[in-house]
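Trainee: Sending over a structure as structure tokens; questions will come in a sec.
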Amino acid sequence: MKNTVEIRWHGRGGQGAKTAALLLADVAFKTGQNVQGFPEYGPERMGAPITAFNRISKEKIRVHSNIYEPDYVVVVDETLLHSVNVTDGLKEEGAIIINTPRSKEEVLPQLNGYKGRVVTIDARAISEQTLGKNFPNTPMLAATVAVTKVLERDQFINDMRASFEHKFAKKPEVIDGNMKALEMAYEAVS
Amino acid sequence: MRTDATKINERSPYTDLTEGLQMFSAGTAKNFNTGEWRTNTPVMDWTKCRQCLLCCPVCPDSSIPVKDGKRLEFDYDHCKGCGICVKVCPFDAIIMKEGIEP
Amino acid sequence: MSVKAIKERMSGNEAVSYAIRQVAPEVMPAFPITPSTEIPQMVSTYIANGELDTEFIPVESEHSAMSAAIGAEAAGARTMTATSSAGLALMWEELLLAASNRLPIVLTLVNRTLSGPININCDHSDGMGARDTGWIQIYAENNQEAYDNYIQAFPIAEDPRVHLPVMICQDGFITSHAVENIELMEDEPVKDFVGTYTPEEFMLNPGRPVSVGPYSVSNYAMEAKKLQEEAMERSKAVILEVAKKFGEMSGREYGLFEEYRTEDADYIMVIMGSAAGTAKTAVDELRDQGWKVGVLKLRVFRPFPEKEIAEALKNCKAAAIMDRCESYNGNGGPLSSEIPAGLYRSKVMIETVSYVYGLAGRDFRVEDAAGIFRDLRDLVENGKEVEQFKYIGLRV
């Protein structure tokens, strides 16, 4: 892994892309790295396109600007492919991770000629199968960790279990579903 | 810095004044005889006064002293002659007189 | 001896709220406004969970928030509030009263632009608009500095040589909503550092009467203002004393400003807030290419360290003066007026170029900072004319 990894998230207000970016910062922090997780605020509305960012680094992070040439892009809502230039500035040695039931070949025409790695994952199907509802950010987080390798699988899984056990202390029945969603998504893109 | 307000006057250098011009003594208005500002003067007709005491709390300058449940003569050293006591008196026991003398 | 550091990650708003829980001011009147809303929200949660016994007063406006803060502080309670943008503007009248009544209130400001056009994002127009209200103003680069500055604010404000309110500023969203690494301190050392509030004079003090904010005729008011001005001047030394003591505890050093790689720099960028970190990154990159460049990050804007800045800039060839605020006076922003005035008074005749950047959340990138250093070099080495008061990142 190089010194600083920069990730840009595309989602819609209310879908949890910001939360996923903050969670990624959280799990990377626990490995002793320097992290940044921050959203870009536009009109604060459910459904509006939103962007969130991560920097994860071995070194102290001083920059306080958005990310224009990300190593990775994560698209939580594939309908954004029509309206947002999600591959803008994306490095070709990096990758784009898209939540879609379609194959890589099917989404490729919408990626403005991006030549790097394209990873598709049906986060909705995984979420519905494991949690009974469409919460795409948990599987998208796992897919992002698997592709970016900002931390090891086992450490990620263990940290997430601990954090779910804390977060859902009063709803232990959802912990297993969330863990299953993480593991399935991780395997799907590995 | 707790300062004796009576020692500060308009000739005091700024360094002798208090922070934020805070005042550290109570009731200092007593030291200023604002009664000399008066152009009209309230005067009691004691035959009409029923000691209802309505005039005392409305006086903006605390110039109607009360002792043992009874109002006393005006404190003319501080009464500015506003006439509110005249308006509030239900028994017409106070009249305004022109000039500074009661 | 440094105290134990708790390594954490949190946003700037979380960091300030954490510090509030540790300092536990006695009274906090506040009214929510983006992007500082999370602070009263988190404080209320601490109170609801029984972790904090601050008296939180939900008021109906920021004007009332500052009025209630003035009343509480005058009564003798350690008092704070939080706001942003239009909220600070609505406090305007009361800000001046807090300062002239010499009340050591602490306000945590999450910088957001003043309308219009209406916008929720960061610039310094709110804080800068209040620059002549008599408040000490300290700006943070990141969540760590917001946390550290908040803790230092009370000993500065409450020092008998100062007795002035302090505004602790951080950049809206850019640091307030960004999760970053931070080193927190345990509760006890923070509480010890801030100490118990024991004002010499306060209103709820039986037998020792005091009137706060009396009417003052012209024969007295100017004298009071001079006393206030002298307290502001004295606060500079107190800020440094408090920073030294804080450094001994935390291991983190603070001054009136930070000089980053300026020792031999030909070109220096003077900048405040979160963009200073971006400018430092540009400096690192240009230094790798052999450029002698540095950053002077202004931390304490009020009192304005005029002579100290002139001294720090005297050996460079040119300085870029960066305002995240427009003064609409035809001459850029406040720093653009104050720094050259200070250089002139100190007879430091270096070139300065003023810029306006980052208005209403316009992003300030490493390339933007690097381009400004290129401007300075072009000016000095190639005699090229460089535009004054240029808007960085403006579409033309």
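Residue numbering restarts at 1 in every chain; chains get A, B, ... in the order shown in the structure tokens, and ligands count up from 1 in that same order.
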Enumerate as an NGL selection string the residues belonging to chain B that approach chain C to within 6 Å, with only C-alpha atoms taken into account.
Mentor: :B and (14 or 20 or 22-25)
Trainee: Any chance you could export the current selection's C-alpha atoms as a short mmCIF file (atom, residue, chain, number, x, y, z; two decimals), in the first residue's frame?
Mentor:
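Result written to part.cif:
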data_model
loop_
_atom_site.label_atom_id
_atom_site.label_comp_id
_atom_site.auth_asym_id
_atom_site.auth_seq_id
_atom_site.Cartn_x
_atom_site.Cartn_y
_atom_site.Cartn_z
CA TYR B 14 -8.28 56.42 33.27
CA GLY B 20 -15.94 47.96 32.68
CA GLN B 22 -18.19 48.47 37.48
CA MET B 23 -19.55 50.14 40.60
CA PHE B 24 -18.69 48.57 43.91
CA SER B 25 -21.10 50.29 46.28
#
Trainee: Please give the complete set of residues from range 121-329 of chain C that DSSP, run on the backbone, assigns to strand (DSSP E), formatted as a JSON list (two decimals) with N, CA and C atoms, in the first residue's frame.
Mentor:
[["chain", "number", "residue", "atom", "x", "y", "z"],
["C", 136, "ILE", "N", -11.22, 38.43, 22.04],
["C", 136, "ILE", "CA", -10.03, 37.71, 21.62],
["C", 136, "ILE", "C", -10.50, 36.66, 20.62],
["C", 137, "GLN", "N", -9.76, 36.49, 19.53],
["C", 137, "GLN", "CA", -10.14, 35.47, 18.53],
["C", 137, "GLN", "C", -8.97, 34.55, 18.24],
["C", 138, "ILE", "N", -9.22, 33.25, 18.39],
["C", 138, "ILE", "CA", -8.18, 32.25, 18.14],
["C", 138, "ILE", "C", -8.72, 31.25, 17.12],
["C", 139, "TYR", "N", -7.98, 31.04, 16.03],
["C", 139, "TYR", "CA", -8.42, 30.18, 14.93],
["C", 139, "TYR", "C", -7.67, 28.85, 14.94],
["C", 166, "VAL", "N", -13.53, 35.34, 24.89],
["C", 166, "VAL", "CA", -12.67, 34.68, 23.90],
["C", 166, "VAL", "C", -13.53, 33.89, 22.91],
["C", 167, "MET", "N", -13.21, 34.05, 21.63],
["C", 167, "MET", "CA", -13.90, 33.31, 20.57],
["C", 167, "MET", "C", -12.93, 32.26, 20.02],
["C", 168, "ILE", "N", -13.35, 31.01, 20.06],
["C", 168, "ILE", "CA", -12.53, 29.92, 19.56],
["C", 168, "ILE", "C", -13.12, 29.51, 18.21],
["C", 169, "CYS", "N", -12.36, 29.67, 17.14],
["C", 169, "CYS", "CA", -12.93, 29.51, 15.80],
["C", 169, "CYS", "C", -12.36, 28.27, 15.10],
["C", 170, "GLN", "N", -13.25, 27.56, 14.39],
["C", 170, "GLN", "CA", -12.78, 26.50, 13.51],
["C", 170, "GLN", "C", -13.63, 26.54, 12.23],
["C", 171, "ASP", "N", -13.11, 25.97, 11.17],
["C", 171, "ASP", "CA", -13.74, 26.08, 9.86],
["C", 171, "ASP", "C", -14.94, 25.15, 9.73],
["C", 179, "VAL", "N", -13.94, 13.82, 10.21],
["C", 179, "VAL", "CA", -13.35, 12.94, 11.23],
["C", 179, "VAL", "C", -11.86, 12.83, 10.94],
["C", 180, "GLU", "N", -11.05, 13.15, 11.96],
["C", 180, "GLU", "CA", -9.60, 13.03, 11.82],
["C", 180, "GLU", "C", -9.04, 12.51, 13.13],
["C", 181, "ASN", "N", -7.78, 12.11, 13.08],
["C", 181, "ASN", "CA", -7.11, 11.66, 14.30],
["C", 181, "ASN", "C", -6.98, 12.83, 15.27],
["C", 182, "ILE", "N", -6.98, 12.50, 16.55],
["C", 182, "ILE", "CA", -6.84, 13.53, 17.57],
["C", 182, "ILE", "C", -6.25, 12.87, 18.82],
["C", 183, "GLU", "N", -5.55, 13.67, 19.62],
["C", 183, "GLU", "CA", -5.08, 13.18, 20.92],
["C", 183, "GLU", "C", -5.82, 13.96, 21.99],
["C", 184, "LEU", "N", -6.64, 13.24, 22.74],
["C", 184, "LEU", "CA", -7.39, 13.86, 23.83],
["C", 184, "LEU", "C", -6.62, 13.69, 25.12],
["C", 185, "MET", "N", -7.03, 14.45, 26.13],
["C", 185, "MET", "CA", -6.45, 14.27, 27.46],
["C", 185, "MET", "C", -7.52, 13.72, 28.39],
["C", 257, "PHE", "N", 1.28, 32.70, 16.39],
["C", 257, "PHE", "CA", 1.16, 32.09, 15.06],
["C", 257, "PHE", "C", 2.16, 30.96, 14.97],
["C", 258, "GLU", "N", 2.01, 30.15, 13.94],
["C", 258, "GLU", "CA", 2.94, 29.04, 13.73],
["C", 258, "GLU", "C", 3.77, 29.34, 12.49],
["C", 259, "GLU", "N", 5.07, 29.17, 12.59],
["C", 259, "GLU", "CA", 5.93, 29.37, 11.42],
["C", 259, "GLU", "C", 6.33, 28.00, 10.91],
["C", 260, "TYR", "N", 5.89, 27.69, 9.71],
["C", 260, "TYR", "CA", 6.17, 26.37, 9.13],
["C", 260, "TYR", "C", 7.21, 26.52, 8.01],
["C", 267, "TYR", "N", 9.73, 33.06, 0.16],
["C", 267, "TYR", "CA", 8.30, 33.36, -0.06],
["C", 267, "TYR", "C", 7.48, 32.73, 1.04],
["C", 268, "ILE", "N", 6.64, 33.53, 1.68],
["C", 268, "ILE", "CA", 5.84, 33.05, 2.81],
["C", 268, "ILE", "C", 4.37, 33.34, 2.56],
["C", 269, "MET", "N", 3.55, 32.36, 2.85],
["C", 269, "MET", "CA", 2.10, 32.54, 2.74],
["C", 269, "MET", "C", 1.54, 32.74, 4.15],
["C", 270, "VAL", "N", 0.80, 33.84, 4.36],
["C", 270, "VAL", "CA", 0.16, 34.09, 5.65],
["C", 270, "VAL", "C", -1.30, 33.68, 5.52],
["C", 271, "ILE", "N", -1.71, 32.74, 6.35],
["C", 271, "ILE", "CA", -3.03, 32.14, 6.16],
["C", 271, "ILE", "C", -3.57, 31.67, 7.51],
["C", 293, "VAL", "N", 10.24, 28.07, 0.51],
["C", 293, "VAL", "CA", 8.90, 28.61, 0.79],
["C", 293, "VAL", "C", 8.45, 28.17, 2.19],
["C", 294, "GLY", "N", 7.53, 28.92, 2.76],
["C", 294, "GLY", "CA", 7.02, 28.59, 4.09],
["C", 294, "GLY", "C", 5.63, 29.16, 4.31],
["C", 295, "VAL", "N", 5.07, 28.78, 5.45],
["C", 295, "VAL", "CA", 3.72, 29.24, 5.81],
["C", 295, "VAL", "C", 3.76, 29.90, 7.18],
["C", 296, "LEU", "N", 3.14, 31.05, 7.30],
["C", 296, "LEU", "CA", 2.90, 31.64, 8.61],
["C", 296, "LEU", "C", 1.41, 31.49, 8.88],
["C", 297, "LYS", "N", 1.10, 30.58, 9.80],
["C", 297, "LYS", "CA", -0.31, 30.34, 10.12],
["C", 297, "LYS", "C", -0.70, 31.20, 11.31],
["C", 298, "LEU", "N", -1.58, 32.15, 11.05],
["C", 298, "LEU", "CA", -2.02, 33.04, 12.12],
["C", 298, "LEU", "C", -3.01, 32.30, 13.01],
["C", 300, "VAL", "N", -3.69, 33.56, 16.52],
["C", 300, "VAL", "CA", -4.37, 34.60, 17.31],
["C", 300, "VAL", "C", -4.58, 35.81, 16.40],
["C", 301, "PHE", "N", -5.83, 36.05, 16.04],
["C", 301, "PHE", "CA", -6.14, 37.19, 15.17],
["C", 301, "PHE", "C", -6.43, 38.44, 15.99],
["C", 302, "ARG", "N", -7.03, 38.24, 17.18],
["C", 302, "ARG", "CA", -7.25, 39.35, 18.12],
["C", 302, "ARG", "C", -6.78, 38.86, 19.49],
["C", 318, "ALA", "N", 8.94, 38.09, -0.48],
["C", 318, "ALA", "CA", 7.54, 38.44, -0.74],
["C", 318, "ALA", "C", 6.63, 37.55, 0.09],
["C", 319, "ALA", "N", 5.50, 38.13, 0.49],
["C", 319, "ALA", "CA", 4.52, 37.37, 1.27],
["C", 319, "ALA", "C", 3.17, 37.43, 0.57],
["C", 320, "ALA", "N", 2.48, 36.28, 0.59],
["C", 320, "ALA", "CA", 1.10, 36.23, 0.10],
["C", 320, "ALA", "C", 0.19, 36.35, 1.31],
["C", 321, "ILE", "N", -0.76, 37.26, 1.24],
["C", 321, "ILE", "CA", -1.66, 37.47, 2.38],
["C", 321, "ILE", "C", -3.04, 36.94, 1.98],
["C", 322, "MET", "N", -3.48, 35.95, 2.71],
["C", 322, "MET", "CA", -4.65, 35.18, 2.30],
["C", 322, "MET", "C", -5.85, 35.50, 3.17],
["C", 323, "ASP", "N", -6.88, 36.06, 2.56],
["C", 323, "ASP", "CA", -8.11, 36.37, 3.29],
["C", 323, "ASP", "C", -9.22, 35.44, 2.86]]
Trainee: Just want the 12 Å neighbourhood of range 343-349 of chain C, counted on only C-alpha atoms, with same-chain residues fewer than 6 positions away dropped. Output as a list in words.
Mentor: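 My reading of the contact set: Pro305, Glu306, Lys307, Glu308, Ile309, Ala310, Glu311, Ala312, Leu313, Lys314, Asn315, Cys316, Lys317, Ala318, Ala319, Leu335, Ser336 and Ser337 of chain C.
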Trainee: Could the residues in this selection be saved with N, CA and C atoms as a PDB file, in the first residue's frame?
Mentor:
ATOM      1  N   PRO C 305      -1.174  40.302  16.321  1.00  0.00           N
ATOM      2  CA  PRO C 305       0.267  40.357  16.621  1.00  0.00           C
ATOM      3  C   PRO C 305       1.052  41.078  15.525  1.00  0.00           C
ATOM      4  N   GLU C 306       0.806  42.343  15.405  1.00  0.00           N
ATOM      5  CA  GLU C 306       1.340  43.113  14.271  1.00  0.00           C
ATOM      6  C   GLU C 306       2.872  43.096  14.203  1.00  0.00           C
ATOM      7  N   LYS C 307       3.501  43.465  15.321  1.00  0.00           N
ATOM      8  CA  LYS C 307       4.972  43.561  15.318  1.00  0.00           C
ATOM      9  C   LYS C 307       5.607  42.192  15.138  1.00  0.00           C
ATOM     10  N   GLU C 308       5.005  41.194  15.785  1.00  0.00           N
ATOM     11  CA  GLU C 308       5.563  39.837  15.703  1.00  0.00           C
ATOM     12  C   GLU C 308       5.506  39.326  14.267  1.00  0.00           C
ATOM     13  N   ILE C 309       4.403  39.617  13.564  1.00  0.00           N
ATOM     14  CA  ILE C 309       4.289  39.175  12.162  1.00  0.00           C
ATOM     15  C   ILE C 309       5.343  39.892  11.315  1.00  0.00           C
ATOM     16  N   ALA C 310       5.495  41.192  11.535  1.00  0.00           N
ATOM     17  CA  ALA C 310       6.488  41.960  10.762  1.00  0.00           C
ATOM     18  C   ALA C 310       7.880  41.368  10.978  1.00  0.00           C
ATOM     19  N   GLU C 311       8.175  41.040  12.216  1.00  0.00           N
ATOM     20  CA  GLU C 311       9.475  40.450  12.548  1.00  0.00           C
ATOM     21  C   GLU C 311       9.650  39.102  11.825  1.00  0.00           C
ATOM     22  N   ALA C 312       8.572  38.319  11.802  1.00  0.00           N
ATOM     23  CA  ALA C 312       8.647  36.989  11.196  1.00  0.00           C
ATOM     24  C   ALA C 312       8.769  37.059   9.674  1.00  0.00           C
ATOM     25  N   LEU C 313       8.302  38.152   9.095  1.00  0.00           N
ATOM     26  CA  LEU C 313       8.316  38.246   7.621  1.00  0.00           C
ATOM     27  C   LEU C 313       9.506  39.042   7.093  1.00  0.00           C
ATOM     28  N   LYS C 314      10.283  39.656   8.004  1.00  0.00           N
ATOM     29  CA  LYS C 314      11.231  40.683   7.530  1.00  0.00           C
ATOM     30  C   LYS C 314      12.322  40.142   6.604  1.00  0.00           C
ATOM     31  N   ASN C 315      12.625  38.856   6.704  1.00  0.00           N
ATOM     32  CA  ASN C 315      13.708  38.336   5.865  1.00  0.00           C
ATOM     33  C   ASN C 315      13.250  37.682   4.564  1.00  0.00           C
ATOM     34  N   CYS C 316      11.939  37.631   4.333  1.00  0.00           N
ATOM     35  CA  CYS C 316      11.502  37.017   3.071  1.00  0.00           C
ATOM     36  C   CYS C 316      11.430  38.082   1.981  1.00  0.00           C
ATOM     37  N   LYS C 317      11.334  37.596   0.743  1.00  0.00           N
ATOM     38  CA  LYS C 317      11.296  38.547  -0.377  1.00  0.00           C
ATOM     39  C   LYS C 317       9.868  38.990  -0.680  1.00  0.00           C
ATOM     40  N   ALA C 318       8.941  38.091  -0.477  1.00  0.00           N
ATOM     41  CA  ALA C 318       7.542  38.441  -0.743  1.00  0.00           C
ATOM     42  C   ALA C 318       6.631  37.555   0.092  1.00  0.00           C
ATOM     43  N   ALA C 319       5.503  38.132   0.487  1.00  0.00           N
ATOM     44  CA  ALA C 319       4.523  37.371   1.267  1.00  0.00           C
ATOM     45  C   ALA C 319       3.171  37.426   0.570  1.00  0.00           C
ATOM     46  N   LEU C 335      -7.001  40.904   6.642  1.00  0.00           N
ATOM     47  CA  LEU C 335      -5.560  40.662   6.786  1.00  0.00           C
ATOM     48  C   LEU C 335      -4.789  41.483   5.763  1.00  0.00           C
ATOM     49  N   SER C 336      -5.393  41.635   4.606  1.00  0.00           N
ATOM     50  CA  SER C 336      -4.772  42.392   3.535  1.00  0.00           C
ATOM     51  C   SER C 336      -4.588  43.855   3.910  1.00  0.00           C
ATOM     52  N   SER C 337      -5.413  44.355   4.813  1.00  0.00           N
ATOM     53  CA  SER C 337      -5.238  45.730   5.303  1.00  0.00           C
ATOM     54  C   SER C 337      -4.285  45.769   6.492  1.00  0.00           C
TER      55      SER C 337
END
Trainee: List as an mmCIF file with N, CA and C atoms, in the first residue's frame the protein and nucleic acid residues near Asn134 in chain A, meaning an atom at most 7 Å away when only C-alpha atoms are counted, but skip any in the same chain fewer than 4 places from it.
Mentor:
data_model
loop_
_atom_site.group_PDB
_atom_site.id
_atom_site.type_symbol
_atom_site.label_atom_id
_atom_site.label_comp_id
_atom_site.auth_asym_id
_atom_site.auth_seq_id
_atom_site.Cartn_x
_atom_site.Cartn_y
_atom_site.Cartn_z
ATOM 1 N N ARG A 124 -27.324 -4.436 -2.969
ATOM 2 C CA ARG A 124 -28.747 -4.485 -2.617
ATOM 3 C C ARG A 124 -29.182 -5.927 -2.359
ATOM 4 N N SER A 127 -27.688 -7.203 0.841
ATOM 5 C CA SER A 127 -28.349 -6.600 1.990
ATOM 6 C C SER A 127 -29.737 -7.197 2.211
ATOM 7 N N GLU A 128 -30.473 -7.362 1.116
ATOM 8 C CA GLU A 128 -31.834 -7.906 1.266
ATOM 9 C C GLU A 128 -31.795 -9.354 1.739
#
Trainee: Could you give me, as a PDB file with N, CA and C atoms, in the first residue's frame, the residues within 8 Å of range 150-166 of chain A, counting only C-alpha atoms and dropping anything in the same chain fewer than 5 positions from it?
Mentor:
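File out_27.pdb, as written:
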ATOM      1  N   MET A   1       0.840  -1.201   0.000  1.00  0.00           N
ATOM      2  CA  MET A   1       0.000   0.000   0.000  1.00  0.00           C
ATOM      3  C   MET A   1       0.875   1.251   0.000  1.00  0.00           C
ATOM      4  N   VAL A   5      -3.867   6.782   0.656  1.00  0.00           N
ATOM      5  CA  VAL A   5      -4.912   6.309  -0.246  1.00  0.00           C
ATOM      6  C   VAL A   5      -6.053   7.307  -0.177  1.00  0.00           C
ATOM      7  N   VAL A  27     -12.515   2.251  10.998  1.00  0.00           N
ATOM      8  CA  VAL A  27     -11.815   0.956  11.011  1.00  0.00           C
ATOM      9  C   VAL A  27     -10.344   1.137  10.657  1.00  0.00           C
ATOM     10  N   ALA A  28     -10.042   2.092   9.760  1.00  0.00           N
ATOM     11  CA  ALA A  28      -8.641   2.328   9.399  1.00  0.00           C
ATOM     12  C   ALA A  28      -7.896   2.947  10.579  1.00  0.00           C
ATOM     13  N   LYS A  30      -8.355   2.310  13.621  1.00  0.00           N
ATOM     14  CA  LYS A  30      -8.042   1.272  14.614  1.00  0.00           C
ATOM     15  C   LYS A  30      -6.783   0.489  14.258  1.00  0.00           C
ATOM     16  N   THR A  31      -6.333   0.602  13.010  1.00  0.00           N
ATOM     17  CA  THR A  31      -5.079  -0.052  12.645  1.00  0.00           C
ATOM     18  C   THR A  31      -3.897   0.882  12.864  1.00  0.00           C
ATOM     19  N   ILE A  56      -6.494   8.007   3.840  1.00  0.00           N
ATOM     20  CA  ILE A  56      -5.954   7.064   4.813  1.00  0.00           C
ATOM     21  C   ILE A  56      -4.461   7.007   4.557  1.00  0.00           C
ATOM     22  N   VAL A 145     -13.131  -2.086   1.476  1.00  0.00           N
ATOM     23  CA  VAL A 145     -11.954  -2.574   2.216  1.00  0.00           C
ATOM     24  C   VAL A 145     -11.259  -3.678   1.417  1.00  0.00           C
ATOM     25  N   PRO A 172     -29.426  -7.353  19.472  1.00  0.00           N
ATOM     26  CA  PRO A 172     -28.383  -8.313  19.066  1.00  0.00           C
ATOM     27  C   PRO A 172     -28.780  -9.137  17.845  1.00  0.00           C
ATOM     28  N   ILE A 175     -27.009  -8.260  14.564  1.00  0.00           N
ATOM     29  CA  ILE A 175     -25.541  -8.341  14.442  1.00  0.00           C
ATOM     30  C   ILE A 175     -25.134  -9.404  13.418  1.00  0.00           C
ATOM     31  N   ASN A 178     -25.692  -8.357   9.815  1.00  0.00           N
ATOM     32  CA  ASN A 178     -24.700  -7.380   9.358  1.00  0.00           C
ATOM     33  C   ASN A 178     -23.343  -8.037   9.088  1.00  0.00           C
ATOM     34  N   MET A 179     -22.970  -8.947   9.971  1.00  0.00           N
ATOM     35  CA  MET A 179     -21.680  -9.627   9.786  1.00  0.00           C
ATOM     36  C   MET A 179     -21.706 -10.469   8.518  1.00  0.00           C
ATOM     37  N   LEU A 182     -21.304  -8.271   5.515  1.00  0.00           N
ATOM     38  CA  LEU A 182     -19.905  -7.868   5.332  1.00  0.00           C
ATOM     39  C   LEU A 182     -19.102  -8.983   4.675  1.00  0.00           C
ATOM     40  N   GLU A 183     -19.269 -10.192   5.222  1.00  0.00           N
ATOM     41  CA  GLU A 183     -18.463 -11.316   4.724  1.00  0.00           C
ATOM     42  C   GLU A 183     -18.814 -11.653   3.278  1.00  0.00           C
TER      43      GLU A 183
END
Trainee: Counting only C-alpha atoms, which residues from chain A have an atom at most 7 Å from any atom of chain C, and could you show them as a list of chain:residue names?
Mentor: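 Every residue of chain A that passes the 7 Å test is in A:Leu22, A:Asn34, A:Val35, A:Gln36, A:Gly37, A:Phe38, A:Arg62, A:Val63, A:His64, A:Ser65, A:Asn66.
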Trainee: Find the residues near Pro90 in chain B: any atom within 10 Å, counting only C-alpha atoms, skip ones fewer than 3 places away on the same chain, and give them as a list in words.
Mentor: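 Counting only the stated atoms, we get Lys48, Cys49, Arg50, Cys52, Leu54, Cys55, Cys85, Val86, Lys87, Ala93 and Ile94 of chain B.
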Trainee: Let me make sure I understand: among A:Lys149, A:Arg55, A:Arg12, A:Lys167, which one has the smallest atom-to-atom distance to Leu80 in chain A if we use only C-alpha atoms?
Mentor: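 For Leu80 in chain A, the nearest of the given residues is A:Arg12.
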Trainee: Please provide the set of residues having any atom within 10 Å of Ala21 in chain A, restricted to only C-alpha atoms, with same-chain residues fewer than 5 positions apart removed, written as a PDB file with C-alpha atoms, in the first residue's frame.
Mentor:
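File produced: around36.pdb:
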ATOM      1  CA  ILE A   7     -11.198   7.537  -1.873  1.00  0.00           C
ATOM      2  CA  ARG A   8     -14.249   9.373  -3.182  1.00  0.00           C
ATOM      3  CA  TRP A   9     -17.772   8.174  -2.420  1.00  0.00           C
ATOM      4  CA  GLY A  16     -25.485   6.294   4.156  1.00  0.00           C
ATOM      5  CA  ASP A  26     -13.057   4.419  11.931  1.00  0.00           C
ATOM      6  CA  GLN A  36      -9.806  11.674   7.274  1.00  0.00           C
ATOM      7  CA  GLY A  37     -13.485  11.113   6.561  1.00  0.00           C
ATOM      8  CA  PHE A  38     -15.578  14.066   5.450  1.00  0.00           C
ATOM      9  CA  PRO A  39     -18.642  14.848   3.407  1.00  0.00           C
ATOM     10  CA  THR A  51     -19.992  13.177  -2.187  1.00  0.00           C
ATOM     11  CA  ALA A  52     -17.882  11.992   0.715  1.00  0.00           C
ATOM     12  CA  PHE A  53     -14.145  11.500   0.969  1.00  0.00           C
ATOM     13  CA  ASN A  54     -11.500   9.447   2.754  1.00  0.00           C
ATOM     14  CA  ARG A  55      -7.791   9.906   3.113  1.00  0.00           C
ATOM     15  CA  VAL A  74     -17.192   4.046  -4.663  1.00  0.00           C
ATOM     16  CA  ASN A 137     -23.605   0.857   2.847  1.00  0.00           C
ATOM     17  CA  LEU A 141     -17.918  -0.740   3.049  1.00  0.00           C
ATOM     18  CA  THR A 144     -14.221  -1.062  -0.432  1.00  0.00           C
TER      19      THR A 144
ATOM     20  CA  VAL C 179     -13.351  12.945  11.226  1.00  0.00           C
TER      21      VAL C 179
END
Trainee: Based on DSSP run over this structure's backbone, return all residues of chain B in helix (DSSP H, G or I), as a list in words.
Mentor: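 DSSP-assigned helix (DSSP H, G or I) residues in chain B: Ala5, Thr6, Lys7, Tyr14, Thr15, Asp16, Glu19, Gly20, Leu21, Thr28, Ala29, Lys30, Asn31, Thr34, Gly35, Glu36, Trp37, Cys55, Cys56, Pro57, Val58, Ile84, Cys85, Val86, Lys87 and Val88 of chain B.
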Trainee: From the options C:Val23, C:Asn205, C:Tyr18, C:Thr79, which residue's atoms come nearest to Val43 in chain C, counting only C-alpha atoms?
Mentor: C:Tyr18
Trainee: Do you have the CA of Glu6 in chain A-CA of Ala370 in chain C distance handy?
Mentor: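 For CA of Glu6 in chain A relative to CA of Ala370 in chain C, the distance reads 20.2 Å.
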Trainee: Work out how far apart CA of Thr54 in chain C and CA of Asn149 in chain C are and give it in Å to one decimal.
Mentor: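 CA of Thr54 in chain C sits 19.9 Å away from CA of Asn149 in chain C.
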Trainee: Please indicate the distance in Å from CA of Gly14 in chain A to CA of Tyr72 in chain A, rounded to one decimal place.
Mentor: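 Distance between the two atoms: 21.8 Å.
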Trainee: Taking only C-alpha atoms into account, name the residue in C:Val283, C:Ile105, C:Ile33, C:Ala130 that is nearest to Val162 in chain C.
Mentor: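 Among C:Val283, C:Ile105, C:Ile33, C:Ala130, it is C:Ile105 that comes nearest to Val162 in chain C.
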